[in-house]
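Q: I am sharing my_file.pdb, which consists of PDB, C-alpha atoms:
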```pdb
ATOM      1  CA  MET A   1     -11.442   1.094   1.311
ATOM      2  CA  LYS A   2      -9.257  -1.301   3.272
ATOM      3  CA  LYS A   3      -5.795  -0.606   4.625
ATOM      4  CA  TYR A   4      -3.054  -3.093   3.695
ATOM      5  CA  VAL A   5      -0.059  -4.049   5.825
ATOM      6  CA  CYS A   6       3.422  -5.005   4.642
ATOM      7  CA  GLY A   7       4.212  -8.475   5.960
ATOM      8  CA  ILE A   8       7.922  -7.663   6.086
ATOM      9  CA  CYS A   9       8.209  -4.310   7.877
ATOM     10  CA  GLY A  10       4.663  -3.505   9.052
ATOM     11  CA  TYR A  11       4.152  -0.407   6.882
ATOM     12  CA  VAL A  12       0.425   0.330   6.530
ATOM     13  CA  TYR A  13      -0.863   1.498   3.145
ATOM     14  CA  ASP A  14      -3.807   3.797   3.854
ATOM     15  CA  PRO A  15      -5.841   4.394   0.680
ATOM     16  CA  TYR A  16      -7.130   7.708   2.016
ATOM     17  CA  ALA A  17      -3.560   8.997   2.319
ATOM     18  CA  GLY A  18      -2.110   7.189  -0.703
ATOM     19  CA  ASP A  19       1.664   7.401  -1.173
ATOM     20  CA  PRO A  20       2.165  10.814  -2.794
ATOM     21  CA  ASP A  21       5.962  10.652  -2.430
ATOM     22  CA  ASN A  22       5.881   7.679  -4.816
ATOM     23  CA  GLY A  23       3.198   8.850  -7.249
ATOM     24  CA  ILE A  24       0.110   7.295  -5.618
ATOM     25  CA  ALA A  25      -2.636   9.896  -5.176
ATOM     26  CA  GLU A  26      -4.813  10.228  -2.086
ATOM     27  CA  GLY A  27      -7.939   8.099  -2.374
ATOM     28  CA  THR A  28      -6.266   5.317  -4.405
ATOM     29  CA  ALA A  29      -7.519   1.859  -3.416
ATOM     30  CA  PHE A  30      -4.767  -0.729  -2.931
ATOM     31  CA  GLU A  31      -6.206  -2.734  -5.813
ATOM     32  CA  ASP A  32      -5.612   0.277  -8.091
ATOM     33  CA  VAL A  33      -1.984   0.803  -7.056
ATOM     34  CA  PRO A  34       0.314  -0.192  -9.968
ATOM     35  CA  GLU A  35       1.806  -3.685  -9.779
ATOM     36  CA  ASP A  36       5.351  -2.264  -9.862
ATOM     37  CA  TRP A  37       4.787  -0.152  -6.716
ATOM     38  CA  VAL A  38       6.977  -1.166  -3.765
ATOM     39  CA  CYS A  39       6.778  -0.601  -0.023
ATOM     40  CA  PRO A  40       8.268   2.848   0.681
ATOM     41  CA  LEU A  41      10.007   1.557   3.817
ATOM     42  CA  CYS A  42      11.526  -1.792   2.853
ATOM     43  CA  GLY A  43      11.140  -2.002  -0.942
ATOM     44  CA  VAL A  44       9.168  -5.259  -1.263
ATOM     45  CA  GLY A  45       6.374  -5.683  -3.822
ATOM     46  CA  LYS A  46       2.596  -5.612  -3.436
ATOM     47  CA  GLU A  47       2.480  -9.397  -3.103
ATOM     48  CA  ASN A  48       3.884  -9.009   0.426
ATOM     49  CA  PHE A  49       0.900  -6.949   1.605
ATOM     50  CA  SER A  50      -2.272  -8.273   3.184
ATOM     51  CA  PRO A  51      -5.523  -6.615   4.294
ATOM     52  CA  GLU A  52      -5.427  -5.108   7.764
ATOM     53  CA  GLU A  53      -7.688  -6.966  10.182
TER      54      GLU A  53
END
```
Could you spell out this file's structure in structure tokens?
A:
Amino acid sequence: MKKYVCGICGYVYDPYAGDPDNGIAEGTAFEDVPEDWVCPLCGVGKENFSPEE
């Protein structure tokens, strides 16, 4: 599973860690994160994330 990076603040979504503080369980692929999820640091939507290189 790929990590995804917020293009605004640089937050890295790690699918192995998930985002449990915001209801995303460990092991959740970015593609399976709900469309209404937002970056926990800056609040932008998923469309502002891109795969980590």
Q: Any chance you could resolve the PyMOL selection byres ((chain A and resi 51) around 7) against this file and give the residues as JSON, numbers by chain?
A: {"A": [2, 3, 4, 5, 49, 50, 52, 53]}
Q: Calculated over only C-alpha atoms, which of the candidates A:Gly18, A:Cys6, A:Asn48, A:Gly43 has the smallest distance to A:Phe30?
A: A:Gly18
Q: Nearest to A:Gly45 among A:Ile8, A:Asp21, A:Met1, A:Glu26, with distances taken over all atoms listed in the file: which residue is it?
A: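 When distances to A:Gly45 are compared using all atoms listed in the file, the smallest one comes from A:Ile8.
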Q: Could you check how far atom CA of A:Leu41 sits from atom CA of A:Ala17, in Å to one decimal?
A: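 Going from atom CA of A:Leu41 over to atom CA of A:Ala17, I get 15.5 Å.
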Q: Select, from A:Val44, A:Ile24, A:Val33, A:Val38, the residue with the minimum atom-to-atom distance to A:Gly7, counting all atoms listed in the file.
A: A:Val44
Q: Please compute the atom CA of A:Glu35-atom CA of A:Cys9 distance, one decimal, in Å.
A: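 Pair atom CA of A:Glu35 / atom CA of A:Cys9 returns 18.8 Å.
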Q: To verify the selection step, state as a ChimeraX atom specification which residues the PyMOL selection byres ((chain A and resi 15) around 6) yields on this input.
A: /A:14,16-18,27-29
